[in-house]
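Okay, work.txt now, which holds compact mmCIF, C-alpha atoms and all ligand atoms:
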# COMPACT_ATOMS: atom_id res chain seq x y z
CA MET A 1 72.26 65.12 93.27
CA ASN A 2 69.61 67.61 94.44
CA LEU A 3 71.19 67.72 97.85
CA ILE A 4 74.54 68.62 96.36
CA THR A 5 72.94 71.31 94.20
CA GLY A 6 71.14 72.65 97.29
CA SER A 7 74.32 72.89 99.39
CA SER A 8 76.19 74.50 96.54
CA LEU A 9 73.45 77.08 96.21
CA ILE A 10 73.53 77.84 99.94
CA PHE A 11 77.31 78.15 99.83
CA PHE A 12 77.11 80.43 96.81
CA CYS A 13 74.53 82.67 98.48
CA PHE A 14 76.59 83.02 101.65
CA SER A 15 79.82 83.70 99.86
CA PHE A 16 78.06 86.37 97.82
CA ILE A 17 76.09 88.02 100.61
CA VAL A 18 78.54 88.10 103.52
CA PRO A 19 80.94 90.73 102.13
CA GLN A 20 77.99 93.02 101.31
CA VAL A 21 76.70 92.77 104.90
CA LYS A 22 80.14 93.56 106.28
CA LEU A 23 80.48 96.58 104.03
CA SER A 24 77.20 98.14 105.12
CA ALA A 25 77.87 97.40 108.79
CA GLN A 26 81.10 99.40 108.60
CA THR A 27 79.89 102.52 106.80
CA GLN A 28 80.53 104.64 109.92
CA ARG A 29 84.26 104.12 109.40
CA LYS A 30 84.20 105.63 105.92
CA ILE A 31 86.46 108.67 105.63
CA GLU A 32 84.47 111.68 104.43
CA PHE A 33 85.56 115.21 103.56
CA PRO A 34 83.59 117.71 101.49
CA ASP A 35 84.45 118.80 97.95
CA LEU A 36 86.05 122.21 97.44
CA PRO A 37 84.22 124.87 95.37
CA ASN A 38 86.19 123.93 92.22
CA TYR A 39 87.45 120.43 92.94
CA GLN A 40 86.30 116.99 93.98
CA THR A 41 87.92 115.74 97.16
CA LEU A 42 89.25 112.21 96.64
CA ILE A 43 90.53 110.19 99.59
CA SER A 44 93.78 108.44 98.67
CA ASP A 45 96.24 106.08 100.30
CA LEU A 46 99.17 105.88 97.89
CA HIS A 47 101.67 103.77 99.81
CA GLN A 48 100.73 100.20 100.75
CA HIS A 49 102.33 96.75 100.72
CA THR A 50 101.23 93.15 100.18
CA VAL A 51 102.97 89.76 100.15
CA PHE A 52 104.42 90.79 96.79
CA SER A 53 107.06 92.63 98.84
CA ASP A 54 107.20 92.66 102.67
CA GLY A 55 103.47 92.95 103.45
CA SER A 56 101.44 90.21 105.14
CA VAL A 57 98.31 90.12 102.98
CA TRP A 58 97.14 89.37 99.46
CA PRO A 59 96.14 92.38 97.32
CA ASP A 60 92.38 91.69 97.66
CA ILE A 61 92.60 92.62 101.36
CA ARG A 62 93.98 96.07 100.46
CA VAL A 63 91.02 96.56 98.11
CA LYS A 64 88.52 95.51 100.78
CA GLU A 65 90.12 97.72 103.42
CA ALA A 66 89.90 100.67 101.02
CA LEU A 67 86.20 99.96 100.38
CA PHE A 68 85.52 99.74 104.13
CA ASP A 69 87.31 103.07 104.70
CA GLY A 70 85.68 104.92 101.80
CA VAL A 71 89.10 105.40 100.22
CA ASP A 72 88.71 106.49 96.57
CA VAL A 73 92.26 105.90 95.31
CA ILE A 74 94.91 103.35 96.28
CA ALA A 75 98.36 102.34 95.08
CA LEU A 76 100.13 99.12 96.03
CA THR A 77 103.78 100.11 96.10
CA GLU A 78 105.85 96.96 96.47
CA HIS A 79 109.56 97.32 97.18
CA LEU A 80 111.44 96.83 93.94
CA GLU A 81 114.65 95.87 95.75
CA TYR A 82 113.31 94.15 98.88
CA GLN A 83 111.46 90.87 98.37
CA PRO A 84 111.65 88.89 101.65
CA HIS A 85 108.91 86.41 100.63
CA TRP A 86 110.74 85.58 97.41
CA GLU A 87 111.62 81.98 98.30
CA ASP A 88 108.02 81.11 99.20
CA LEU A 89 106.39 83.33 96.59
CA PRO A 90 108.71 83.66 93.62
CA HIS A 91 107.18 85.90 90.98
CA LYS A 92 108.83 87.14 87.85
CA ASP A 93 106.43 89.98 87.14
CA ARG A 94 106.69 93.06 89.39
CA ASN A 95 103.34 94.28 88.01
CA ARG A 96 101.39 91.35 89.46
CA SER A 97 100.30 93.03 92.70
CA TYR A 98 98.81 95.94 90.75
CA GLU A 99 97.12 93.65 88.21
CA LEU A 100 95.45 91.59 90.96
CA ALA A 101 94.25 94.69 92.85
CA LYS A 102 92.91 96.19 89.63
CA GLU A 103 90.98 93.00 88.93
CA TYR A 104 89.53 92.82 92.49
CA ALA A 105 88.49 96.48 92.27
CA LYS A 106 86.89 96.31 88.83
CA ASN A 107 83.29 96.15 90.10
CA TYR A 108 83.77 98.98 92.59
CA ASP A 109 84.22 102.72 92.33
CA LEU A 110 87.86 102.47 93.43
CA ILE A 111 90.78 103.88 91.44
CA VAL A 112 93.85 101.63 91.55
CA ILE A 113 97.10 103.32 90.52
CA HIS A 114 100.12 101.40 89.33
CA GLY A 115 103.05 102.08 91.63
CA ALA A 116 106.30 100.74 93.08
CA GLU A 117 108.65 101.66 95.93
CA ILE A 118 112.24 102.45 94.96
CA THR A 119 114.04 101.15 98.03
CA ARG A 120 117.52 102.62 98.50
CA ASP A 121 119.84 103.69 101.31
CA LEU A 122 119.62 107.33 102.34
CA PRO A 123 120.17 109.41 100.27
CA PRO A 124 117.94 109.20 98.32
CA GLY A 125 116.18 106.75 100.70
CA HIS A 126 112.84 105.26 99.69
CA SER A 127 110.61 106.81 97.03
CA ASN A 128 107.32 105.83 95.44
CA ALA A 129 106.80 106.05 91.70
CA LEU A 130 103.11 106.24 90.71
CA PHE A 131 101.36 105.95 87.33
CA ILE A 132 104.13 103.70 86.01
CA GLU A 133 103.58 101.41 83.01
CA ASP A 134 105.94 98.54 83.78
CA ALA A 135 107.58 97.99 87.19
CA ASN A 136 109.97 95.38 85.72
CA GLN A 137 111.69 98.14 83.74
CA LEU A 138 112.46 100.00 86.99
CA VAL A 139 114.83 97.33 88.33
CA HIS A 140 118.36 98.74 87.92
CA ASP A 141 121.52 98.69 90.02
CA ASP A 142 122.00 102.44 89.85
CA TYR A 143 119.15 104.37 91.55
CA ILE A 144 119.35 107.19 89.03
CA GLU A 145 118.51 104.79 86.21
CA THR A 146 115.42 103.71 88.13
CA PHE A 147 114.29 107.31 88.66
CA ARG A 148 114.93 108.17 85.01
CA GLU A 149 113.01 105.13 83.79
CA ALA A 150 110.11 106.05 86.09
CA LYS A 151 110.09 109.56 84.67
CA LYS A 152 110.17 108.14 81.15
CA GLN A 153 107.00 106.21 82.02
CA GLY A 154 105.37 109.46 83.19
CA ALA A 155 105.64 108.77 86.92
CA PHE A 156 104.83 111.07 89.80
CA ILE A 157 107.63 110.37 92.32
CA PHE A 158 107.64 111.20 96.04
CA TRP A 159 110.10 110.78 98.89
CA ASN A 160 108.84 108.26 101.46
CA HIS A 161 109.14 108.51 105.27
CA PRO A 162 111.98 111.09 105.05
CA ASN A 163 112.07 111.06 108.87
CA TRP A 164 112.45 107.27 109.27
CA ILE A 165 114.66 106.31 112.24
CA GLY A 166 115.65 103.19 110.28
CA GLN A 167 117.70 105.51 108.06
CA ASN A 168 118.22 108.53 110.30
CA THR A 169 118.32 107.74 114.03
CA GLN A 170 117.42 111.35 114.96
CA GLY A 171 114.09 111.08 113.12
CA ILE A 172 114.77 114.33 111.29
CA THR A 173 114.57 115.13 107.58
CA GLU A 174 117.58 116.53 105.75
CA LEU A 175 117.67 117.46 102.12
CA SER A 176 120.86 116.11 100.55
CA PRO A 177 122.67 117.18 97.36
CA ILE A 178 121.25 113.98 95.81
CA HIS A 179 117.69 115.19 96.53
CA GLU A 180 118.57 118.62 95.13
CA ALA A 181 119.84 116.93 91.97
CA LEU A 182 116.72 114.75 91.69
CA MET A 183 114.48 117.81 91.95
CA LYS A 184 116.59 119.72 89.44
CA GLU A 185 116.19 116.89 86.94
CA GLY A 186 112.42 116.70 87.53
CA LEU A 187 112.69 113.30 89.23
CA LEU A 188 111.11 114.19 92.59
CA HIS A 189 107.67 115.76 92.85
CA GLY A 190 106.39 115.17 96.37
CA VAL A 191 107.23 114.19 99.93
CA GLU A 192 105.45 112.35 102.72
CA VAL A 193 104.92 114.67 105.68
CA THR A 194 103.27 111.78 107.49
CA ASN A 195 103.95 108.08 107.10
CA GLU A 196 102.24 105.37 109.15
CA ASN A 197 102.23 106.78 112.72
CA THR A 198 104.98 109.36 112.24
CA PHE A 199 105.07 113.09 111.41
CA ALA A 200 108.02 114.60 109.50
CA ASP A 201 107.93 118.25 110.59
CA GLN A 202 110.98 119.30 108.55
CA ALA A 203 109.47 117.64 105.47
CA LEU A 204 106.67 120.21 105.57
CA ILE A 205 109.26 123.01 105.53
CA ILE A 206 111.07 121.31 102.62
CA ALA A 207 107.80 120.82 100.74
CA ASN A 208 106.97 124.52 101.10
CA GLU A 209 110.45 125.68 100.09
CA HIS A 210 110.75 123.41 97.05
CA GLU A 211 107.08 123.25 95.98
CA LEU A 212 106.87 119.52 96.59
CA THR A 213 103.42 117.95 96.82
CA ILE A 214 102.42 117.13 100.40
CA LEU A 215 101.40 113.53 101.07
CA GLY A 216 100.30 111.38 104.00
CA THR A 217 100.13 107.60 103.67
CA SER A 218 99.53 104.49 105.76
CA ASP A 219 102.54 102.52 104.41
CA ILE A 220 100.50 99.57 105.66
CA HIS A 221 102.16 96.14 105.83
CA GLU A 222 99.75 94.23 108.12
CA LEU A 223 96.14 95.29 108.71
CA ILE A 224 94.75 98.84 108.72
CA ASP A 225 92.42 97.94 111.61
CA TRP A 226 95.23 96.85 113.90
CA LEU A 227 97.75 99.57 113.16
CA PHE A 228 95.36 102.52 113.26
CA ASP A 229 92.88 101.20 115.86
CA ILE A 230 89.84 101.60 113.63
CA PRO A 231 87.54 99.87 116.19
CA GLY A 232 88.71 102.47 118.75
CA GLY A 233 87.84 105.37 116.44
CA GLY A 234 91.22 105.81 114.75
CA HIS A 235 91.79 106.49 111.08
CA ARG A 236 94.55 105.69 108.59
CA PRO A 237 96.64 108.64 107.37
CA VAL A 238 95.45 109.65 103.91
CA THR A 239 96.08 112.29 101.28
CA LEU A 240 93.05 114.34 100.28
CA VAL A 241 93.47 114.96 96.55
CA PHE A 242 91.58 117.91 95.03
CA ALA A 243 90.85 116.69 91.52
CA LYS A 244 89.09 118.21 88.53
CA GLU A 245 87.57 114.81 87.79
CA ARG A 246 87.20 111.44 89.50
CA SER A 247 89.68 109.48 87.39
CA GLU A 248 93.27 108.33 87.35
CA LEU A 249 94.11 111.29 85.11
CA GLY A 250 92.34 113.64 87.49
CA VAL A 251 94.40 112.31 90.41
CA LYS A 252 97.64 112.54 88.43
CA GLU A 253 97.02 116.13 87.37
CA ALA A 254 96.16 117.14 90.96
CA LEU A 255 99.29 115.45 92.39
CA PHE A 256 101.59 117.13 89.89
CA GLU A 257 99.90 120.47 90.67
CA GLY A 258 100.30 119.95 94.43
CA ARG A 259 96.56 120.11 95.22
CA THR A 260 96.57 117.96 98.38
CA VAL A 261 96.12 117.99 102.14
CA ALA A 262 97.35 115.16 104.37
CA TRP A 263 95.04 113.96 107.17
CA TYR A 264 96.91 112.39 110.06
CA GLN A 265 95.83 111.78 113.67
CA ASN A 266 93.05 114.34 113.21
CA SER A 267 95.48 116.99 111.91
CA LEU A 268 95.14 118.49 108.44
CA ILE A 269 98.52 119.32 106.90
CA GLY A 270 98.86 121.20 103.64
CA GLN A 271 99.20 124.50 101.89
CA GLU A 272 97.12 127.30 103.35
CA LYS A 273 95.41 127.87 99.99
CA TYR A 274 93.90 124.37 100.14
CA LEU A 275 93.36 124.17 103.90
CA ILE A 276 91.19 127.31 104.01
CA PRO A 277 88.63 126.19 101.37
CA LEU A 278 88.63 122.68 102.88
CA ILE A 279 87.82 124.05 106.35
CA GLU A 280 85.29 126.53 104.95
CA SER A 281 83.57 123.73 103.03
CA SER A 282 83.59 121.59 106.19
CA LEU A 283 82.08 124.15 108.57
CA VAL A 284 78.68 125.46 107.49
CA VAL A 285 76.55 127.78 109.62
CA ASP A 286 73.07 126.23 109.55
CA THR A 287 71.25 128.94 111.52
CA ALA A 288 71.76 131.68 114.09
CA TYR A 289 69.19 133.23 116.46
CA TYR A 290 69.04 135.07 119.76
CA GLN A 291 68.22 132.92 122.76
CA MET A 292 65.04 133.61 124.74
CA TYR A 293 64.95 133.59 128.55
CA GLY A 294 61.25 133.24 129.40
CA ASN A 295 59.68 135.93 127.20
CA LYS A 296 62.84 138.10 127.16
CA GLU A 297 65.23 138.03 124.24
CA THR A 298 68.82 137.79 125.44
CA GLN A 299 71.95 139.02 123.65
CA ILE A 300 73.26 135.47 123.50
CA ALA A 301 73.35 134.44 119.84
CA ASN A 302 73.04 130.72 119.30
CA VAL A 303 75.08 129.87 116.22
CA VAL A 304 74.53 126.34 114.87
CA ILE A 305 77.53 125.07 112.89
CA PHE A 306 77.50 121.74 111.04
CA ASN A 307 80.87 120.02 110.52
CA HIS A 308 80.61 118.14 107.19
CA SER A 309 83.94 116.36 107.64
CA ASP A 310 85.55 113.55 109.62
CA ALA A 311 87.98 115.91 111.37
CA THR A 312 87.29 117.09 114.91
CA TYR A 313 87.99 120.81 114.47
CA LEU A 314 89.75 122.56 117.33
CA LEU A 315 89.18 126.29 117.05
CA ASN A 316 90.86 129.03 119.06
CA ASN A 317 88.53 132.01 119.41
CA GLU A 318 89.98 135.22 117.93
CA SER A 319 86.65 137.04 117.66
CA ASP A 320 85.61 140.23 119.42
CA PHE A 321 83.10 138.15 121.37
CA SER A 322 83.35 135.47 124.03
CA PHE A 323 81.07 132.50 124.61
CA TYR A 324 78.43 131.84 127.24
CA HIS A 325 78.90 128.04 127.33
CA ALA A 326 82.54 127.62 126.34
CA THR A 327 86.07 128.84 126.93
CA GLU A 328 88.27 130.14 124.13
CA ILE A 329 88.84 126.69 122.63
CA ILE A 330 85.93 125.23 120.69
CA GLU A 331 85.66 121.61 119.58
CA LEU A 332 83.48 120.82 116.56
CA ASN A 333 82.85 117.11 116.31
CA PRO A 334 82.71 115.33 112.92
CA GLN A 335 79.51 114.97 110.90
CA THR A 336 77.37 116.72 113.49
CA SER A 337 76.19 120.18 114.53
CA THR A 338 77.46 122.23 117.46
CA THR A 339 75.74 125.27 118.92
CA LEU A 340 77.96 128.18 120.01
CA SER A 341 76.42 130.70 122.39
CA VAL A 342 78.02 134.03 121.45
CA LYS A 343 77.82 137.02 123.81
CA THR A 344 77.30 139.88 121.34
CA ILE A 345 76.47 142.42 124.15
CA GLU A 346 73.91 144.11 121.86
CA SER A 347 71.42 142.57 119.44
CA LEU A 348 73.01 142.47 115.99
CA SER A 349 71.60 141.45 112.63
CA SER A 350 74.99 140.11 111.54
CA PHE A 351 78.53 139.71 112.86
CA GLU A 352 81.64 137.68 112.20
CA LEU A 353 83.47 135.03 114.16
CA ASN A 354 87.21 134.55 113.73
CA PHE A 355 89.11 131.43 114.61
CA GLU A 356 92.57 129.96 114.43
CA VAL A 357 92.22 126.30 113.39
CA LEU A 358 94.51 124.45 115.77
CA ASN A 359 94.21 121.00 114.17
CA ALA A 360 95.44 122.32 110.81
CA ILE A 361 99.01 123.29 109.97
CA TYR A 362 100.57 124.84 106.85
CA ALA A 363 104.09 125.66 108.11
CA LYS A 364 106.09 125.24 111.31
CA LYS A 365 103.67 126.02 114.20
CA MET A 366 101.43 127.95 111.79
CA HIS A 367 97.67 127.40 111.82
CA PRO A 368 95.24 128.77 109.24
CA LYS A 369 92.65 131.36 110.27
CA ILE A 370 89.04 131.38 109.16
CA ARG A 371 86.14 133.81 109.36
CA LEU A 372 82.52 132.74 109.68
CA ASP A 373 79.90 135.29 108.63
CA ILE A 374 76.87 135.03 110.86
CA ASN A 375 73.45 136.35 109.84
CA ILE A 376 70.78 136.30 112.52
CA LYS A 377 67.54 134.66 111.42
CA PRO A 378 64.89 137.41 111.33
ZN ZN B 1 109.91 102.50 102.60
ZN ZN B 2 106.72 101.27 102.04
Final structure tokens representation of the file:
Amino acid sequence: MNLITGSSLIFFCFSFIVPQVKLSAQTQRKIEFPDLPNYQTLISDLHQHTVFSDGSVWPDIRVKEALFDGVDVIALTEHLEYQPHWEDLPHKDRNRSYELAKEYAKNYDLIVIHGAEITRDLPPGHSNALFIEDANQLVHDDYIETFREAKKQGAFIFWNHPNWIGQNTQGITELSPIHEALMKEGLLHGVEVTNENTFADQALIIANEHELTILGTSDIHELIDWLFDIPGGGHRPVTLVFAKERSELGVKEALFEGRTVAWYQNSLIGQEKYLIPLIESSLVVDTAYYQMYGNKETQIANVVIFNHSDATYLLNNESDFSFYHATEIIELNPQTSTTLSVKTIESLSSFELNFEVLNAIYAKKMHPKIRLDINIKP
């Protein structure tokens, strides 16, 4: 009797402790970006699958992956019309995936949003409806009825992988009259500019022209670690959501208002008005001082910049000055400081540095520009 109790206790302890150990061992993979002056930056991945459609895992794995990655907001968006595991896993309730994830996440600071993927031929192609109340009500033969029902439930709807070669062999994005009609009726609010490992360049143009919210998602079906090579330093594509508050309502308001930036393969993609404050919040000048050579002060200003984000910033120098230890392209590694040695020719008490941020894009081949004000430490 005692022996049994003892083994049970040991088993209980292990099953309780092991996940905690794993979580702390993987903190370095957590995705981190700074808040903006007026908004909290929430890391979201709003397009994911489980066995409840064509994914390979149970919803608890999606929750654990999100916790490992420091993702603040997730949505499991099962295909409404594509259920390949149906014979093995028949389920009458299309809300089940969401309910399970919500339950697994209840003891963590993770926001789980109720979503579904409307899975149609192009046009309109695939779209995700988020913040829905009942996925079962979205199952209709006619796509327009599905979109209208989603809207009735208050959904934020975005066009998925508009560049997908499965539906357009050229891999390009073309706005159709059906998309125009959806937008006109208030049934389409955003578009993925990145999905899984792909980039939809024309989708960014369409988003800018039609004021659609810019999103980037993993669209994960198997494991995040395998697809995005997390052990090798990769990251899943995410949408940075700039919210007034850390809540489902805060996320919803920000998505409808278009306050997002997609992060994909180290590139930041979004509207210039959100990229600039994000970059400025990321790159903070810690100190600046003139370098000594023996007892002589040189006119080389050492500028120490800390990068408070997970992006490796690639900056093209557009300043009046050149650098002593670098060419025109500067690389600022994530979550660490970099010292730039600026040749100011004369000793200055302050000056500015100007850069084009090459790993950020707000329109076709357009990179935002930033200015850093440097004050020399007296
Ligand atoms: Zn899809
Ligand atoms: Zn999908």
Check which residues of chain A sit at most 7 Å from ligand ZN 2 (chain B) using all atoms listed in the file, and return one row each with the closest pair of atoms and their distance in Å to one decimal, ordered by chain and rising number, as JSON lines.
{"residue": "A:His47", "atom": "CA", "partner": "B:ZN2", "partner_atom": "ZN", "distance": 6.1}
{"residue": "A:Gln48", "atom": "CA", "partner": "B:ZN2", "partner_atom": "ZN", "distance": 6.2}
{"residue": "A:His49", "atom": "CA", "partner": "B:ZN2", "partner_atom": "ZN", "distance": 6.4}
{"residue": "A:Thr77", "atom": "CA", "partner": "B:ZN2", "partner_atom": "ZN", "distance": 6.7}
{"residue": "A:His79", "atom": "CA", "partner": "B:ZN2", "partner_atom": "ZN", "distance": 6.9}
{"residue": "A:Glu117", "atom": "CA", "partner": "B:ZN2", "partner_atom": "ZN", "distance": 6.4}
{"residue": "A:Asp219", "atom": "CA", "partner": "B:ZN2", "partner_atom": "ZN", "distance": 5.0}
Using only C-alpha atoms, give me every residue within 7 Å of (99.6, 112.8, 99.3) in file coordinates, as a ChimeraX atom specification.
/A:192,213-217,238-240,260-262
Selection from above, C-alpha atoms, as a PDB file, in the coordinates of the input, can you write it?
ATOM      1  CA  GLU A 192     105.450 112.350 102.720  1.00  0.00           C
ATOM      2  CA  THR A 213     103.420 117.950  96.820  1.00  0.00           C
ATOM      3  CA  ILE A 214     102.420 117.130 100.400  1.00  0.00           C
ATOM      4  CA  LEU A 215     101.400 113.530 101.070  1.00  0.00           C
ATOM      5  CA  GLY A 216     100.300 111.380 104.000  1.00  0.00           C
ATOM      6  CA  THR A 217     100.130 107.600 103.670  1.00  0.00           C
ATOM      7  CA  VAL A 238      95.450 109.650 103.910  1.00  0.00           C
ATOM      8  CA  THR A 239      96.080 112.290 101.280  1.00  0.00           C
ATOM      9  CA  LEU A 240      93.050 114.340 100.280  1.00  0.00           C
ATOM     10  CA  THR A 260      96.570 117.960  98.380  1.00  0.00           C
ATOM     11  CA  VAL A 261      96.120 117.990 102.140  1.00  0.00           C
ATOM     12  CA  ALA A 262      97.350 115.160 104.370  1.00  0.00           C
TER      13      ALA A 262
END
Which centre and edge lengths in Å to one decimal define the box along x, y and z that fits every listed atom of stretch 277-294 of chain A plus 5 Å per side, as JSON?
{"center_x": 74.9, "center_y": 128.3, "center_z": 115.4, "size_x": 37.4, "size_y": 23.5, "size_z": 38.0}
Neighbours of ligand ZN 1 (chain B) at 9 Å or closer, counting only C-alpha atoms and all ligand atoms: which residues, as an NGL selection string?
:A and (47 or 79 or 117-120 or 125-128 or 160-161 or 164 or 219)
Which residue gives the smallest distance to A:Asn168 among A:Glu81, A:Asp121, A:Asp93, A:Glu245, with only C-alpha atoms counted?
A:Asp121
Pick from A:Ser97, A:Gln40, A:Thr327, A:Asn197 nearest to A:Leu227, counting only C-alpha atoms:
A:Asn197
Given the choices A:Thr338, A:Gln291, A:Gln153, A:Gln299, which gets closest to A:Gln137 if the distance is worked out from only C-alpha atoms?
A:Gln153
Looking at A:Val193, A:Ala254, A:Ile224, A:Ala135, which one is nearest to A:Thr41, with distances taken over only C-alpha atoms?
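So, comparing all the options, the nearest one is A:Ala254.
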